[in-house]
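J.: I am sharing input31.txt, which consists of compact mmCIF, N, CA and C atoms:
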```
# COMPACT_ATOMS: atom_id res chain seq x y z
N MET A 988 93.32 84.14 103.81
CA MET A 988 94.16 83.67 104.89
C MET A 988 95.37 84.59 105.06
N GLU A 989 95.87 85.13 103.93
CA GLU A 989 97.01 86.03 104.02
C GLU A 989 96.67 87.26 104.86
N LEU A 990 95.47 87.80 104.66
CA LEU A 990 95.07 89.00 105.40
C LEU A 990 94.96 88.75 106.89
N THR A 991 94.48 87.60 107.26
CA THR A 991 94.26 87.34 108.68
C THR A 991 95.48 86.81 109.41
N THR A 992 96.37 86.14 108.69
CA THR A 992 97.55 85.57 109.36
C THR A 992 98.80 86.43 109.21
N GLY A 993 98.80 87.30 108.20
CA GLY A 993 99.99 88.10 107.94
C GLY A 993 101.09 87.30 107.26
N LYS A 994 100.76 86.10 106.79
CA LYS A 994 101.73 85.23 106.13
C LYS A 994 101.49 85.23 104.63
N GLU A 995 102.53 84.98 103.85
CA GLU A 995 102.40 84.92 102.40
C GLU A 995 101.82 83.57 101.98
N ALA A 996 101.23 83.54 100.78
CA ALA A 996 100.60 82.32 100.27
C ALA A 996 101.56 81.15 100.20
N ASN A 997 102.83 81.42 99.99
CA ASN A 997 103.81 80.33 99.90
C ASN A 997 104.44 80.03 101.26
N TYR A 998 103.82 80.51 102.35
CA TYR A 998 104.32 80.24 103.69
C TYR A 998 104.33 78.73 103.92
N GLY A 999 105.37 78.23 104.50
CA GLY A 999 105.52 76.81 104.77
C GLY A 999 106.89 76.37 104.31
N ASP A 1000 107.05 75.10 104.14
CA ASP A 1000 108.32 74.59 103.65
C ASP A 1000 108.19 74.25 102.16
N GLN A 1001 109.14 73.52 101.65
CA GLN A 1001 109.12 73.21 100.22
C GLN A 1001 107.96 72.29 99.83
N TYR A 1002 107.28 71.69 100.82
CA TYR A 1002 106.20 70.77 100.53
C TYR A 1002 104.83 71.30 100.91
N SER A 1003 104.75 72.52 101.42
CA SER A 1003 103.44 73.01 101.85
C SER A 1003 103.29 74.50 101.52
N SER A 1004 102.07 74.99 101.70
CA SER A 1004 101.72 76.37 101.45
C SER A 1004 100.92 76.89 102.64
N LEU A 1005 100.53 78.15 102.59
CA LEU A 1005 99.72 78.73 103.65
C LEU A 1005 98.40 77.98 103.78
N SER A 1006 97.84 77.59 102.66
CA SER A 1006 96.59 76.83 102.67
C SER A 1006 96.77 75.51 103.41
N GLU A 1007 97.82 74.78 103.08
CA GLU A 1007 98.07 73.50 103.73
C GLU A 1007 98.40 73.69 105.21
N TRP A 1008 99.16 74.73 105.52
CA TRP A 1008 99.48 75.05 106.91
C TRP A 1008 98.20 75.32 107.70
N SER A 1009 97.28 76.08 107.10
CA SER A 1009 96.02 76.41 107.76
C SER A 1009 95.16 75.17 107.98
N TRP A 1010 95.04 74.36 106.93
CA TRP A 1010 94.27 73.12 107.04
C TRP A 1010 94.84 72.21 108.13
N ARG A 1011 96.17 72.11 108.17
CA ARG A 1011 96.80 71.26 109.18
C ARG A 1011 96.43 71.73 110.59
N HIS A 1012 96.47 73.04 110.81
CA HIS A 1012 96.12 73.57 112.13
C HIS A 1012 94.65 73.36 112.47
N ILE A 1013 93.79 73.50 111.49
CA ILE A 1013 92.35 73.26 111.73
C ILE A 1013 92.13 71.79 112.08
N LEU A 1014 92.74 70.88 111.33
CA LEU A 1014 92.58 69.45 111.59
C LEU A 1014 93.15 69.04 112.95
N LEU A 1015 94.20 69.74 113.41
CA LEU A 1015 94.78 69.45 114.72
C LEU A 1015 93.97 70.08 115.86
N GLY A 1016 92.98 70.90 115.50
CA GLY A 1016 92.15 71.53 116.52
C GLY A 1016 92.78 72.76 117.15
N SER A 1017 93.69 73.39 116.45
CA SER A 1017 94.35 74.60 116.98
C SER A 1017 93.33 75.71 117.20
N ASN A 1018 93.62 76.55 118.17
CA ASN A 1018 92.80 77.73 118.43
C ASN A 1018 93.07 78.73 117.31
N VAL A 1019 92.03 79.11 116.56
CA VAL A 1019 92.19 80.00 115.41
C VAL A 1019 92.81 81.32 115.83
N GLU A 1020 92.45 81.83 116.99
CA GLU A 1020 92.98 83.11 117.44
C GLU A 1020 94.51 83.10 117.54
N GLU A 1021 95.07 81.95 117.84
CA GLU A 1021 96.53 81.84 117.94
C GLU A 1021 97.22 81.87 116.58
N LEU A 1022 96.46 81.66 115.50
CA LEU A 1022 97.02 81.64 114.16
C LEU A 1022 96.99 83.01 113.49
N LEU A 1023 96.26 83.95 114.08
CA LEU A 1023 96.05 85.25 113.47
C LEU A 1023 97.23 86.19 113.66
N ASP A 1024 97.32 87.17 112.79
CA ASP A 1024 98.39 88.18 112.80
C ASP A 1024 98.25 89.06 114.04
N LYS A 1025 99.21 88.97 114.93
CA LYS A 1025 99.18 89.73 116.19
C LYS A 1025 99.27 91.24 115.96
N ASP A 1026 99.86 91.65 114.82
CA ASP A 1026 100.02 93.07 114.54
C ASP A 1026 98.71 93.78 114.22
N VAL A 1027 97.72 93.07 113.74
CA VAL A 1027 96.44 93.70 113.39
C VAL A 1027 95.27 93.20 114.24
N MET A 1028 95.52 92.23 115.09
CA MET A 1028 94.48 91.64 115.90
C MET A 1028 94.04 92.59 117.01
N GLU A 1029 92.73 92.81 117.08
CA GLU A 1029 92.13 93.60 118.14
C GLU A 1029 90.91 92.85 118.65
N ALA A 1030 90.62 93.02 119.92
CA ALA A 1030 89.47 92.33 120.50
C ALA A 1030 88.18 92.70 119.77
N SER A 1031 88.07 93.93 119.30
CA SER A 1031 86.84 94.39 118.66
C SER A 1031 86.57 93.74 117.31
N ASN A 1032 87.59 93.17 116.68
CA ASN A 1032 87.36 92.52 115.39
C ASN A 1032 87.78 91.05 115.37
N MET A 1033 87.89 90.45 116.52
CA MET A 1033 88.33 89.06 116.62
C MET A 1033 87.37 88.10 115.91
N ASP A 1034 86.07 88.27 116.11
CA ASP A 1034 85.10 87.38 115.46
C ASP A 1034 85.21 87.46 113.95
N GLU A 1035 85.34 88.68 113.44
CA GLU A 1035 85.44 88.88 112.00
C GLU A 1035 86.71 88.24 111.44
N MET A 1036 87.83 88.42 112.13
CA MET A 1036 89.09 87.84 111.67
C MET A 1036 89.03 86.31 111.68
N CYS A 1037 88.46 85.74 112.72
CA CYS A 1037 88.33 84.28 112.78
C CYS A 1037 87.44 83.78 111.64
N THR A 1038 86.35 84.48 111.38
CA THR A 1038 85.44 84.07 110.31
C THR A 1038 86.11 84.17 108.95
N VAL A 1039 86.85 85.24 108.69
CA VAL A 1039 87.54 85.39 107.41
C VAL A 1039 88.60 84.30 107.25
N PHE A 1040 89.31 83.99 108.32
CA PHE A 1040 90.29 82.90 108.26
C PHE A 1040 89.60 81.58 107.93
N LYS A 1041 88.51 81.28 108.62
CA LYS A 1041 87.78 80.03 108.37
C LYS A 1041 87.21 79.99 106.96
N LEU A 1042 86.75 81.14 106.45
CA LEU A 1042 86.28 81.20 105.07
C LEU A 1042 87.41 80.85 104.11
N GLY A 1043 88.60 81.38 104.40
CA GLY A 1043 89.76 81.06 103.57
C GLY A 1043 90.06 79.58 103.56
N VAL A 1044 89.94 78.96 104.71
CA VAL A 1044 90.18 77.51 104.81
C VAL A 1044 89.11 76.77 104.01
N MET A 1045 87.86 77.16 104.18
CA MET A 1045 86.77 76.49 103.46
C MET A 1045 86.91 76.67 101.94
N CYS A 1046 87.35 77.85 101.51
CA CYS A 1046 87.49 78.14 100.08
C CYS A 1046 88.67 77.41 99.44
N THR A 1047 89.55 76.84 100.25
CA THR A 1047 90.69 76.10 99.71
C THR A 1047 90.55 74.60 99.92
N ALA A 1048 89.34 74.15 100.19
CA ALA A 1048 89.10 72.71 100.35
C ALA A 1048 89.54 71.97 99.10
N THR A 1049 90.04 70.78 99.28
CA THR A 1049 90.55 69.98 98.16
C THR A 1049 89.46 69.71 97.13
N LEU A 1050 88.28 69.34 97.58
CA LEU A 1050 87.18 69.05 96.66
C LEU A 1050 86.40 70.33 96.38
N PRO A 1051 86.38 70.79 95.14
CA PRO A 1051 85.64 72.01 94.82
C PRO A 1051 84.17 71.97 95.24
N SER A 1052 83.56 70.80 95.20
CA SER A 1052 82.14 70.69 95.57
C SER A 1052 81.91 70.97 97.06
N SER A 1053 82.95 70.89 97.88
CA SER A 1053 82.78 71.16 99.30
C SER A 1053 83.09 72.61 99.67
N ARG A 1054 83.51 73.41 98.68
CA ARG A 1054 83.79 74.82 98.91
C ARG A 1054 82.49 75.61 98.91
N PRO A 1055 82.42 76.70 99.68
CA PRO A 1055 81.21 77.52 99.64
C PRO A 1055 81.12 78.27 98.31
N SER A 1056 79.90 78.59 97.92
CA SER A 1056 79.73 79.41 96.72
C SER A 1056 80.15 80.84 97.05
N MET A 1057 80.40 81.63 96.04
CA MET A 1057 80.77 83.02 96.27
C MET A 1057 79.61 83.79 96.90
N LYS A 1058 78.37 83.38 96.61
CA LYS A 1058 77.23 84.02 97.28
C LYS A 1058 77.25 83.72 98.77
N GLU A 1059 77.59 82.49 99.14
CA GLU A 1059 77.67 82.15 100.56
C GLU A 1059 78.80 82.92 101.24
N VAL A 1060 79.92 83.07 100.55
CA VAL A 1060 81.03 83.85 101.09
C VAL A 1060 80.60 85.30 101.26
N LEU A 1061 79.97 85.85 100.23
CA LEU A 1061 79.50 87.23 100.28
C LEU A 1061 78.51 87.43 101.42
N GLN A 1062 77.59 86.52 101.57
CA GLN A 1062 76.60 86.60 102.65
C GLN A 1062 77.29 86.65 104.00
N THR A 1063 78.27 85.80 104.20
CA THR A 1063 79.00 85.78 105.47
C THR A 1063 79.74 87.08 105.71
N LEU A 1064 80.44 87.57 104.69
CA LEU A 1064 81.19 88.81 104.85
C LEU A 1064 80.28 90.01 105.08
N LEU A 1065 79.16 90.06 104.35
CA LEU A 1065 78.25 91.19 104.52
C LEU A 1065 77.53 91.17 105.85
N SER A 1066 77.46 90.01 106.48
CA SER A 1066 76.78 89.94 107.78
C SER A 1066 77.53 90.74 108.84
N PHE A 1067 78.82 91.03 108.60
CA PHE A 1067 79.60 91.83 109.53
C PHE A 1067 79.63 93.30 109.14
N ALA A 1068 79.18 93.62 107.96
CA ALA A 1068 79.35 94.97 107.43
C ALA A 1068 78.12 95.84 107.66
N GLU A 1069 78.34 97.13 107.54
CA GLU A 1069 77.24 98.08 107.50
C GLU A 1069 76.52 97.87 106.17
N PRO A 1070 75.25 98.26 106.07
CA PRO A 1070 74.57 98.14 104.78
C PRO A 1070 75.35 98.88 103.70
N LEU A 1071 75.47 98.26 102.55
CA LEU A 1071 76.27 98.82 101.47
C LEU A 1071 75.43 99.76 100.60
N PRO A 1072 75.96 100.90 100.24
CA PRO A 1072 75.19 101.85 99.43
C PRO A 1072 74.94 101.38 98.00
N TYR A 1073 75.74 100.43 97.49
CA TYR A 1073 75.57 100.00 96.11
C TYR A 1073 74.68 98.77 95.96
N VAL A 1074 74.09 98.28 97.05
CA VAL A 1074 73.14 97.17 96.94
C VAL A 1074 71.87 97.74 96.35
N GLU A 1075 71.45 97.18 95.20
CA GLU A 1075 70.38 97.80 94.43
C GLU A 1075 68.98 97.60 95.01
N LYS A 1076 68.67 96.43 95.55
CA LYS A 1076 67.32 96.17 96.01
C LYS A 1076 67.29 95.95 97.51
N LYS A 1077 66.27 96.48 98.14
CA LYS A 1077 66.02 96.19 99.55
C LYS A 1077 64.58 95.71 99.64
N VAL A 1078 64.38 94.52 100.19
CA VAL A 1078 63.06 93.95 100.29
C VAL A 1078 62.77 93.68 101.75
N GLY A 1079 61.90 94.48 102.35
CA GLY A 1079 61.61 94.32 103.77
C GLY A 1079 62.87 94.49 104.59
N LEU A 1080 63.19 93.50 105.40
CA LEU A 1080 64.40 93.53 106.20
C LEU A 1080 65.50 92.70 105.56
N TYR A 1081 65.44 92.53 104.24
CA TYR A 1081 66.45 91.76 103.52
C TYR A 1081 67.14 92.64 102.50
N TYR A 1082 68.41 92.44 102.34
CA TYR A 1082 69.14 93.03 101.22
C TYR A 1082 69.38 91.91 100.23
N ASP A 1083 69.23 92.20 98.98
CA ASP A 1083 69.37 91.21 97.94
C ASP A 1083 70.81 91.23 97.41
N ALA A 1084 71.50 90.13 97.51
CA ALA A 1084 72.88 90.05 97.04
C ALA A 1084 72.96 89.78 95.54
N ASP A 1085 71.82 89.52 94.89
CA ASP A 1085 71.84 89.20 93.46
C ASP A 1085 72.54 90.24 92.60
N PRO A 1086 72.31 91.54 92.81
CA PRO A 1086 73.02 92.50 91.95
C PRO A 1086 74.53 92.42 92.08
N LEU A 1087 75.03 91.93 93.19
CA LEU A 1087 76.47 91.83 93.40
C LEU A 1087 77.07 90.62 92.71
N LEU A 1088 76.25 89.58 92.56
CA LEU A 1088 76.73 88.33 91.93
C LEU A 1088 75.71 87.86 90.91
N LYS A 1089 75.52 88.60 89.86
CA LYS A 1089 74.45 88.35 88.89
C LYS A 1089 74.54 86.99 88.22
N ASP A 1090 75.73 86.46 87.99
CA ASP A 1090 75.87 85.22 87.24
C ASP A 1090 75.90 83.96 88.11
N SER A 1091 75.82 84.12 89.41
CA SER A 1091 75.86 82.96 90.29
C SER A 1091 74.54 82.20 90.19
N LYS A 1092 74.57 80.91 90.45
CA LYS A 1092 73.39 80.07 90.29
C LYS A 1092 72.47 80.08 91.51
N ARG A 1093 72.98 80.46 92.66
CA ARG A 1093 72.17 80.41 93.87
C ARG A 1093 71.62 81.77 94.21
N ASN A 1094 70.42 81.81 94.77
CA ASN A 1094 69.79 83.06 95.20
C ASN A 1094 70.00 83.18 96.71
N THR A 1095 70.65 84.23 97.15
CA THR A 1095 70.98 84.38 98.56
C THR A 1095 70.47 85.70 99.08
N ARG A 1096 69.82 85.66 100.22
CA ARG A 1096 69.38 86.87 100.90
C ARG A 1096 69.87 86.76 102.34
N PHE A 1097 70.11 87.89 102.97
CA PHE A 1097 70.54 87.85 104.36
C PHE A 1097 69.80 88.89 105.17
N ASP A 1098 69.56 88.56 106.43
CA ASP A 1098 68.84 89.46 107.33
C ASP A 1098 69.68 90.66 107.69
N VAL A 1099 69.00 91.77 107.90
CA VAL A 1099 69.64 92.98 108.39
C VAL A 1099 68.86 93.40 109.62
N ASP A 1100 69.56 93.61 110.72
CA ASP A 1100 68.91 94.04 111.95
C ASP A 1100 68.31 95.43 111.77
N ASP A 1101 67.24 95.69 112.49
CA ASP A 1101 66.63 97.02 112.46
C ASP A 1101 67.63 98.09 112.83
N ASP A 1102 68.59 97.77 113.72
CA ASP A 1102 69.59 98.75 114.16
C ASP A 1102 70.50 99.16 113.02
N ASP A 1103 70.66 98.30 112.02
CA ASP A 1103 71.56 98.59 110.90
C ASP A 1103 70.94 99.51 109.87
N MET A 1104 69.66 99.74 110.00
CA MET A 1104 68.97 100.54 108.98
C MET A 1104 68.96 102.00 109.32
```
Could you render the structure from this file as C-alpha cells?

T.:
Amino acid sequence: MELTTGKEANYGDQYSSLSEWSWRHILLGSNVEELLDKDVMEASNMDEMCTVFKLGVMCTATLPSSRPSMKEVLQTLLSFAEPLPYVEKKVGLYYDADPLLKDSKRNTRFDVDDDDM
C-alpha cells in the first residue's frame, strides 16, 4: 500500500494506520484510483497500481484465514509481468511458480499468453 499510495505505514492519526485508512476507504466504496500516489500514477500502469493496492488491502485483513496465500499474491503479480528468466520450469503454456515458493502448501500455475513467449 505504501508503494501505491505514497503514504507511510503509520499514515493516519493516533488511532489508525495506512492499513486501517485503506480498509476504511474500501468499505466506504471509494474509487481506488483517487487513493493512489499522483506523483507516480500513469494511465499505462493504472490497472497494475489498483491491483497492487487491493492486494495490500487483502493481505492486511484482520482474519489471517481470509488473506491470500503468498502463491496467490505471486500469481497475481506475475500476471502483469514479462516471463521471468529465473522461473525454472515451463510446462506447455504454464509457468510453474513452485520454484519461487518451495515451502508453500498450495500448488499454483498461471497462464501465459502466446504473445508473452

J.: To one decimal in Å, tell me the separation between atom N of Leu1005 (chain A) and CA of Met1057 (chain A).

T.: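 Computing it gives 21.3 Å between the two atoms.
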
J.: What is the distance, in Å and to one decimal place, between CA of Met988 (chain A) and CA of Leu1023 (chain A)?

T.: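 Value for the CA of Met988 (chain A)-CA of Leu1023 (chain A) distance: 8.9 Å.
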
J.: Could you tell me how far atom N of Leu1061 (chain A) sits from CA of Ser1031 (chain A), in Å to one decimal place?

T.: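 Value for the CA of Ser1031 (chain A)-atom N of Leu1061 (chain A) distance: 21.4 Å.
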
J.: Within 8 Å of region 1038-1047 of chain A, counting all atoms listed in the file, which residues show up once you throw out same-chain ones fewer than 5 positions away? Write them as a ChimeraX atom specification, please.

T.: /A:988-992,1006-1007,1009-1010,1019,1032-1033,1053-1056,1060,1063-1064

J.: For the selection just defined, write its residues with N, CA and C atoms to a file, as a PDB file, keeping the file's coordinate frame.

T.:
```
ATOM      1  N   MET A 988      93.320  84.140 103.810  1.00  0.00           N
ATOM      2  CA  MET A 988      94.160  83.670 104.890  1.00  0.00           C
ATOM      3  C   MET A 988      95.370  84.590 105.060  1.00  0.00           C
ATOM      4  N   GLU A 989      95.870  85.130 103.930  1.00  0.00           N
ATOM      5  CA  GLU A 989      97.010  86.030 104.020  1.00  0.00           C
ATOM      6  C   GLU A 989      96.670  87.260 104.860  1.00  0.00           C
ATOM      7  N   LEU A 990      95.470  87.800 104.660  1.00  0.00           N
ATOM      8  CA  LEU A 990      95.070  89.000 105.400  1.00  0.00           C
ATOM      9  C   LEU A 990      94.960  88.750 106.890  1.00  0.00           C
ATOM     10  N   THR A 991      94.480  87.600 107.260  1.00  0.00           N
ATOM     11  CA  THR A 991      94.260  87.340 108.680  1.00  0.00           C
ATOM     12  C   THR A 991      95.480  86.810 109.410  1.00  0.00           C
ATOM     13  N   THR A 992      96.370  86.140 108.690  1.00  0.00           N
ATOM     14  CA  THR A 992      97.550  85.570 109.360  1.00  0.00           C
ATOM     15  C   THR A 992      98.800  86.430 109.210  1.00  0.00           C
ATOM     16  N   SER A1006      97.840  77.590 102.660  1.00  0.00           N
ATOM     17  CA  SER A1006      96.590  76.830 102.670  1.00  0.00           C
ATOM     18  C   SER A1006      96.770  75.510 103.410  1.00  0.00           C
ATOM     19  N   GLU A1007      97.820  74.780 103.080  1.00  0.00           N
ATOM     20  CA  GLU A1007      98.070  73.500 103.730  1.00  0.00           C
ATOM     21  C   GLU A1007      98.400  73.690 105.210  1.00  0.00           C
ATOM     22  N   SER A1009      97.280  76.080 107.100  1.00  0.00           N
ATOM     23  CA  SER A1009      96.020  76.410 107.760  1.00  0.00           C
ATOM     24  C   SER A1009      95.160  75.170 107.980  1.00  0.00           C
ATOM     25  N   TRP A1010      95.040  74.360 106.930  1.00  0.00           N
ATOM     26  CA  TRP A1010      94.270  73.120 107.040  1.00  0.00           C
ATOM     27  C   TRP A1010      94.840  72.210 108.130  1.00  0.00           C
ATOM     28  N   VAL A1019      92.030  79.110 116.560  1.00  0.00           N
ATOM     29  CA  VAL A1019      92.190  80.000 115.410  1.00  0.00           C
ATOM     30  C   VAL A1019      92.810  81.320 115.830  1.00  0.00           C
ATOM     31  N   ASN A1032      87.590  93.170 116.680  1.00  0.00           N
ATOM     32  CA  ASN A1032      87.360  92.520 115.390  1.00  0.00           C
ATOM     33  C   ASN A1032      87.780  91.050 115.370  1.00  0.00           C
ATOM     34  N   MET A1033      87.890  90.450 116.520  1.00  0.00           N
ATOM     35  CA  MET A1033      88.330  89.060 116.620  1.00  0.00           C
ATOM     36  C   MET A1033      87.370  88.100 115.910  1.00  0.00           C
ATOM     37  N   SER A1053      82.950  70.890  97.880  1.00  0.00           N
ATOM     38  CA  SER A1053      82.780  71.160  99.300  1.00  0.00           C
ATOM     39  C   SER A1053      83.090  72.610  99.670  1.00  0.00           C
ATOM     40  N   ARG A1054      83.510  73.410  98.680  1.00  0.00           N
ATOM     41  CA  ARG A1054      83.790  74.820  98.910  1.00  0.00           C
ATOM     42  C   ARG A1054      82.490  75.610  98.910  1.00  0.00           C
ATOM     43  N   PRO A1055      82.420  76.700  99.680  1.00  0.00           N
ATOM     44  CA  PRO A1055      81.210  77.520  99.640  1.00  0.00           C
ATOM     45  C   PRO A1055      81.120  78.270  98.310  1.00  0.00           C
ATOM     46  N   SER A1056      79.900  78.590  97.920  1.00  0.00           N
ATOM     47  CA  SER A1056      79.730  79.410  96.720  1.00  0.00           C
ATOM     48  C   SER A1056      80.150  80.840  97.050  1.00  0.00           C
ATOM     49  N   VAL A1060      79.920  83.070 100.550  1.00  0.00           N
ATOM     50  CA  VAL A1060      81.030  83.850 101.090  1.00  0.00           C
ATOM     51  C   VAL A1060      80.600  85.300 101.260  1.00  0.00           C
ATOM     52  N   THR A1063      78.270  85.800 104.200  1.00  0.00           N
ATOM     53  CA  THR A1063      79.000  85.780 105.470  1.00  0.00           C
ATOM     54  C   THR A1063      79.740  87.080 105.710  1.00  0.00           C
ATOM     55  N   LEU A1064      80.440  87.570 104.690  1.00  0.00           N
ATOM     56  CA  LEU A1064      81.190  88.810 104.850  1.00  0.00           C
ATOM     57  C   LEU A1064      80.280  90.010 105.080  1.00  0.00           C
TER      58      LEU A1064
END
```

J.: If you run DSSP on this backbone, which residues of region 1033-1068 of chain A come out as helix (DSSP H, G or I), and could you give them as a PyMOL selection string?

T.: chain A and resi 1033-1046+1051-1053+1057-1065

J.: Of the candidates A:Glu1035, A:Asn1018, A:Arg1011, A:Pro1051, which shows the shortest atom-to-atom distance to Phe1067 (chain A), using all atoms listed in the file?

T.: A:Glu1035
